[in-house]
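K.L.:
Quick one: structure below, then a few questions.
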Amino acid sequence: MGVPFTYSPVGLTARGVTPPGFNGLRVRTLLGAGEPAFAAASRALLEWRMHRAMGVRVRADAERAAPGVEVTVGLGVGRLRVHGPCRVVWALDEERRAGWAYGTLPGHPECGEEAFWVEHAADGRVWLTVRAYSRPATWWTRVGGPLVPVLQRLYAHHCGWALRRLARRAATTGTRT
């Protein structure tokens, strides 16, 4: 299954646990309400479109998130683009929940795990939750110190904004996101 993850334990985002020695993150964003919003958001999330809508470069060895899929995300522009190799740890596509998590591989500036899932709540509302645990893996992310968690939180909020736009557009027009 390729190179090992750069952190341990693997898979704890599925249980909402932040292991000792890692910085935890949890951001929840309301996307809309109803089955059309859930279906559109789920598809966009599972097929990498949320990330691409944010301007993130995504290179994946599958068109859809699934355990074992390797994916490299690229943030930034030109020579300032940072690449983060990852592998999907877990994925789910259920009647009322869909999502996945990936863990970092060698070459990623952080080590840890990040999960994204959409939930269609009992009250009809549709939520995106981003949960992560990480710590610096490079000298420049260590130097970034307290700025890195702030940037991670902004990134998580941006995920919510992008996915909300995609879900609303698809739900109101009846088109695929």
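Ligands are numbered from 1 in the order shown, residues from 1 within each chain, and chains are lettered A, B, ... in the order they appear in the structure tokens.
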Please provide the set of residues having any atom within 9 Å of stretch 48-58 of chain A, restricted to only C-alpha atoms, with same-chain residues fewer than 3 positions apart removed, written as an mmCIF file with N, CA and C atoms, in the first residue's frame.
P.N.:
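The resulting file, result_21.cif, is shown below:
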```cif
data_model
loop_
_atom_site.group_PDB
_atom_site.id
_atom_site.type_symbol
_atom_site.label_atom_id
_atom_site.label_comp_id
_atom_site.auth_asym_id
_atom_site.auth_seq_id
_atom_site.Cartn_x
_atom_site.Cartn_y
_atom_site.Cartn_z
ATOM 1 N N ALA A 41 -23.805 18.167 -2.168
ATOM 2 C CA ALA A 41 -22.614 18.354 -1.335
ATOM 3 C C ALA A 41 -21.823 17.059 -1.220
ATOM 4 N N ARG A 43 -21.661 14.512 -3.363
ATOM 5 C CA ARG A 43 -20.958 14.252 -4.632
ATOM 6 C C ARG A 43 -19.736 15.156 -4.771
ATOM 7 N N ALA A 44 -19.915 16.434 -4.514
ATOM 8 C CA ALA A 44 -18.802 17.381 -4.660
ATOM 9 C C ALA A 44 -17.655 17.036 -3.712
ATOM 10 N N LEU A 45 -17.984 16.610 -2.519
ATOM 11 C CA LEU A 45 -16.958 16.260 -1.550
ATOM 12 C C LEU A 45 -16.238 14.974 -1.947
ATOM 13 N N GLU A 63 -10.976 8.898 -9.221
ATOM 14 C CA GLU A 63 -11.894 10.030 -9.374
ATOM 15 C C GLU A 63 -12.746 10.272 -8.146
ATOM 16 N N ARG A 64 -12.717 9.341 -7.209
ATOM 17 C CA ARG A 64 -13.563 9.426 -6.015
ATOM 18 C C ARG A 64 -12.750 8.977 -4.805
ATOM 19 N N ALA A 65 -12.974 9.617 -3.674
ATOM 20 C CA ALA A 65 -12.267 9.258 -2.443
ATOM 21 C C ALA A 65 -12.663 7.854 -1.994
ATOM 22 N N VAL A 71 -3.493 10.909 -2.975
ATOM 23 C CA VAL A 71 -3.858 12.223 -3.480
ATOM 24 C C VAL A 71 -2.795 13.224 -3.033
ATOM 25 N N THR A 72 -2.443 14.122 -3.941
ATOM 26 C CA THR A 72 -1.532 15.211 -3.602
ATOM 27 C C THR A 72 -2.280 16.511 -3.816
ATOM 28 N N VAL A 73 -2.294 17.331 -2.783
ATOM 29 C CA VAL A 73 -2.943 18.636 -2.880
ATOM 30 C C VAL A 73 -1.858 19.692 -3.037
ATOM 31 N N GLY A 74 -2.168 20.719 -3.811
ATOM 32 C CA GLY A 74 -1.233 21.810 -4.031
ATOM 33 C C GLY A 74 -1.888 23.132 -3.672
ATOM 34 N N LEU A 75 -1.299 23.831 -2.718
ATOM 35 C CA LEU A 75 -1.802 25.137 -2.282
ATOM 36 C C LEU A 75 -0.796 26.208 -2.644
ATOM 37 N N GLY A 76 -1.297 27.338 -3.098
ATOM 38 C CA GLY A 76 -0.423 28.448 -3.446
ATOM 39 C C GLY A 76 -0.339 28.612 -4.943
ATOM 40 N N HIS A 83 3.092 21.405 -1.956
ATOM 41 C CA HIS A 83 2.445 20.136 -2.276
ATOM 42 C C HIS A 83 2.376 19.266 -1.030
ATOM 43 N N HIS A 158 -13.013 27.983 4.615
ATOM 44 C CA HIS A 158 -13.083 28.132 3.163
ATOM 45 C C HIS A 158 -13.685 26.873 2.524
ATOM 46 N N CYS A 159 -13.366 25.703 3.059
ATOM 47 C CA CYS A 159 -13.985 24.455 2.580
ATOM 48 C C CYS A 159 -15.500 24.564 2.681
ATOM 49 N N GLY A 160 -15.977 25.025 3.821
ATOM 50 C CA GLY A 160 -17.421 25.167 4.022
ATOM 51 C C GLY A 160 -18.050 26.148 3.055
ATOM 52 N N TRP A 161 -17.412 27.280 2.860
ATOM 53 C CA TRP A 161 -17.959 28.287 1.945
ATOM 54 C C TRP A 161 -18.025 27.733 0.521
ATOM 55 N N ALA A 162 -16.947 27.071 0.096
ATOM 56 C CA ALA A 162 -16.908 26.529 -1.271
ATOM 57 C C ALA A 162 -17.959 25.440 -1.456
ATOM 58 N N LEU A 163 -18.076 24.550 -0.487
ATOM 59 C CA LEU A 163 -19.035 23.463 -0.626
ATOM 60 C C LEU A 163 -20.470 23.981 -0.559
ATOM 61 N N LEU A 166 -21.282 25.274 -4.041
ATOM 62 C CA LEU A 166 -21.503 24.153 -4.958
ATOM 63 C C LEU A 166 -22.851 23.484 -4.708
ATOM 64 N N THR A 177 -22.955 19.266 -9.493
ATOM 65 C CA THR A 177 -21.961 20.229 -9.039
ATOM 66 C C THR A 177 -20.661 20.089 -9.764
#
```
K.L.:
Taking only C-alpha atoms into account, produce a table as a tab-separated table in which each residue of stretch 54-127 of chain A with an atom at most 6 Å from an atom of stretch 4-28 of chain A appears once, together with its shortest atom pair and the distance in Å to one decimal, ordered by chain and rising number.
P.N.:
```
residue	atom	partner	partner_atom	distance
A:Thr104	CA	A:Phe5	CA	5.8
A:Leu105	CA	A:Phe5	CA	4.9
A:Cys111	CA	A:Thr6	CA	5.7
A:Gly112	CA	A:Tyr7	CA	5.7
```
K.L.:
For those residues, write N, CA, C and O atoms to a file as a PDB file, in the first residue's frame.
P.N.:
```
ATOM      1  N   THR A 104      -1.233  12.154   6.156  1.00  0.00           N
ATOM      2  CA  THR A 104      -0.054  12.683   5.479  1.00  0.00           C
ATOM      3  C   THR A 104       0.973  11.594   5.189  1.00  0.00           C
ATOM      4  O   THR A 104       1.148  10.649   5.944  1.00  0.00           O
ATOM      5  N   LEU A 105       1.656  11.794   4.070  1.00  0.00           N
ATOM      6  CA  LEU A 105       2.748  10.931   3.626  1.00  0.00           C
ATOM      7  C   LEU A 105       4.040  11.750   3.609  1.00  0.00           C
ATOM      8  O   LEU A 105       3.997  12.980   3.706  1.00  0.00           O
ATOM      9  N   CYS A 111       2.262  16.734   9.648  1.00  0.00           N
ATOM     10  CA  CYS A 111       1.974  15.307   9.777  1.00  0.00           C
ATOM     11  C   CYS A 111       0.703  15.192  10.595  1.00  0.00           C
ATOM     12  O   CYS A 111       0.514  15.902  11.579  1.00  0.00           O
ATOM     13  N   GLY A 112      -0.194  14.347  10.126  1.00  0.00           N
ATOM     14  CA  GLY A 112      -1.473  14.168  10.793  1.00  0.00           C
ATOM     15  C   GLY A 112      -2.554  13.776   9.817  1.00  0.00           C
ATOM     16  O   GLY A 112      -2.271  13.228   8.746  1.00  0.00           O
TER      17      GLY A 112
END
```
K.L.:
Using only C-alpha atoms, pick whichever of A:Tyr155, A:Trp140, A:Phe38, A:Trp90 has the shortest atom-to-atom distance to A:Tyr102.
P.N.:
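Ranking A:Tyr155, A:Trp140, A:Phe38, A:Trp90 by distance to A:Tyr102, first place goes to A:Trp90.
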K.L.:
Based on the backbone DSSP call, show me all residues of stretch 74-164 of chain A assigned strand (DSSP E or B), as an MDAnalysis selection string.
P.N.:
chainID A and resid 74:75 82:93 97:104 110:120 125:136
K.L.:
Rank nothing, just name the residue among A:Arg96, A:Gly124, A:Arg79, A:Glu110 nearest to A:Pro149, using only C-alpha atoms.
P.N.:
A:Glu110
K.L.:
Please indicate the distance in Å from atom CA of A:Ala39 to atom CA of A:Arg165, rounded to one decimal place.
P.N.:
13.6 Å
K.L.:
Need to verify the contact set: A:Val88, 6 Å, only C-alpha atoms, exclusion of same-chain residues closer than 6 positions in sequence. Can you return it as a ChimeraX atom specification?
P.N.:
/A:67-69,101-102
K.L.:
Take the selection from the previous step and output its residues with all heavy atoms, as a JSON list (two decimals), in the first residue's frame.
P.N.:
```json
[["chain", "number", "residue", "atom", "x", "y", "z"],
["A", 67, "PRO", "N", -10.71, 4.45, 0.59],
["A", 67, "PRO", "CA", -9.52, 4.05, 1.34],
["A", 67, "PRO", "C", -8.41, 3.56, 0.42],
["A", 67, "PRO", "O", -8.65, 2.80, -0.53],
["A", 67, "PRO", "CB", -10.03, 2.92, 2.24],
["A", 67, "PRO", "CG", -11.49, 3.24, 2.44],
["A", 67, "PRO", "CD", -11.93, 3.81, 1.11],
["A", 68, "GLY", "N", -7.21, 4.06, 0.67],
["A", 68, "GLY", "CA", -6.04, 3.68, -0.11],
["A", 68, "GLY", "C", -5.73, 4.58, -1.29],
["A", 68, "GLY", "O", -4.63, 4.52, -1.84],
["A", 69, "VAL", "N", -6.67, 5.45, -1.69],
["A", 69, "VAL", "CA", -6.43, 6.36, -2.81],
["A", 69, "VAL", "C", -5.36, 7.37, -2.40],
["A", 69, "VAL", "O", -5.45, 7.98, -1.34],
["A", 69, "VAL", "CB", -7.73, 7.08, -3.23],
["A", 69, "VAL", "CG1", -7.43, 8.21, -4.21],
["A", 69, "VAL", "CG2", -8.72, 6.09, -3.82],
["A", 101, "ALA", "N", -11.34, 10.88, 5.02],
["A", 101, "ALA", "CA", -10.19, 11.49, 5.70],
["A", 101, "ALA", "C", -8.93, 11.04, 4.98],
["A", 101, "ALA", "O", -8.86, 9.94, 4.46],
["A", 101, "ALA", "CB", -10.13, 11.06, 7.16],
["A", 102, "TYR", "N", -7.96, 11.94, 4.95],
["A", 102, "TYR", "CA", -6.66, 11.52, 4.45],
["A", 102, "TYR", "C", -5.58, 11.82, 5.47],
["A", 102, "TYR", "O", -5.71, 12.70, 6.32],
["A", 102, "TYR", "CB", -6.31, 12.08, 3.08],
["A", 102, "TYR", "CG", -6.40, 13.57, 2.80],
["A", 102, "TYR", "CD1", -6.36, 14.54, 3.79],
["A", 102, "TYR", "CD2", -6.48, 14.01, 1.49],
["A", 102, "TYR", "CE1", -6.42, 15.88, 3.48],
["A", 102, "TYR", "CE2", -6.54, 15.34, 1.17],
["A", 102, "TYR", "CZ", -6.51, 16.28, 2.17],
["A", 102, "TYR", "OH", -6.57, 17.60, 1.86]]
```
K.L.:
When you look at A:Ala91 with a cut-off of 6 Å (counting only C-alpha atoms), what residues show up, excluding the ones that are within fewer than 3 positions of it in the same chain? I need them as a compact mmCIF listing (two decimals) with N, CA, C and O atoms, in the first residue's frame.
P.N.:
```
# COMPACT_ATOMS: atom_id res chain seq x y z
N ALA A 66 -11.66 7.05 -1.68
CA ALA A 66 -11.87 5.69 -1.17
C ALA A 66 -10.60 5.32 -0.40
O ALA A 66 -9.51 5.83 -0.71
N GLY A 99 -18.31 11.17 3.39
CA GLY A 99 -17.07 11.88 3.63
C GLY A 99 -15.86 10.98 3.60
O GLY A 99 -15.96 9.80 3.27
N TRP A 100 -14.74 11.55 3.97
CA TRP A 100 -13.48 10.82 3.94
C TRP A 100 -12.43 11.58 4.75
O TRP A 100 -12.61 12.74 5.11
```
K.L.:
Given the choices A:Thr129, A:His120, A:Val150, A:Gly144, which gets closest to A:Ala40 if the distance is worked out from only C-alpha atoms?
P.N.:
A:His120
K.L.:
If you count only C-alpha atoms, which residues fall within 6 Å of A:Gly103, apart from same-chain ones fewer than 3 positions away, as a PDB file with N, CA and C atoms, in the first residue's frame?
P.N.:
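Below is the file that was written, selection_19.pdb:
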```pdb
ATOM      1  N   CYS A  86      -0.806  12.710   0.360  1.00  0.00           N
ATOM      2  CA  CYS A  86      -1.659  12.075   1.372  1.00  0.00           C
ATOM      3  C   CYS A  86      -2.223  10.767   0.825  1.00  0.00           C
ATOM      4  N   ARG A  87      -2.823   9.995   1.722  1.00  0.00           N
ATOM      5  CA  ARG A  87      -3.551   8.793   1.330  1.00  0.00           C
ATOM      6  C   ARG A  87      -4.864   8.770   2.108  1.00  0.00           C
ATOM      7  N   GLY A 112      -0.194  14.347  10.126  1.00  0.00           N
ATOM      8  CA  GLY A 112      -1.473  14.168  10.793  1.00  0.00           C
ATOM      9  C   GLY A 112      -2.554  13.776   9.817  1.00  0.00           C
ATOM     10  N   GLU A 113      -3.774  14.067  10.203  1.00  0.00           N
ATOM     11  CA  GLU A 113      -4.934  13.583   9.464  1.00  0.00           C
ATOM     12  C   GLU A 113      -5.993  14.678   9.387  1.00  0.00           C
TER      13      GLU A 113
END
```
K.L.:
Would you mind reading off the distance between atom CA of A:Arg164 and atom CA of A:Arg131, one decimal, in Å?
P.N.:
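Between these atoms lies a distance of 17.2 Å.
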K.L.:
With distances taken over only C-alpha atoms, which of A:Glu119, A:Val82, A:Thr29, A:Ala62 is nearest to A:Ala156?
P.N.:
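Checking each candidate against A:Ala156, we get A:Thr29 as the closest.
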K.L.:
From a DSSP calculation on the backbone, collect every residue of stretch 112-149 of chain A in helix (DSSP H, G or I) and output the set as a PyMOL selection string.
P.N.:
chain A and resi 139-143+147-149
K.L.:
Counting only C-alpha atoms, what is within 7 Å of A:Pro136, bar same-chain residues fewer than 2 positions away, as a list in words?
P.N.:
Pro109, Glu110, Cys111, Ser134, Thr138, Thr141 and Arg142 of chain A
K.L.:
One decimal, in Å: what's the spacing between atom CA of A:Glu70 and atom CA of A:Gly2?
P.N.:
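Rounded to one decimal, the two atoms are 9.1 Å apart.
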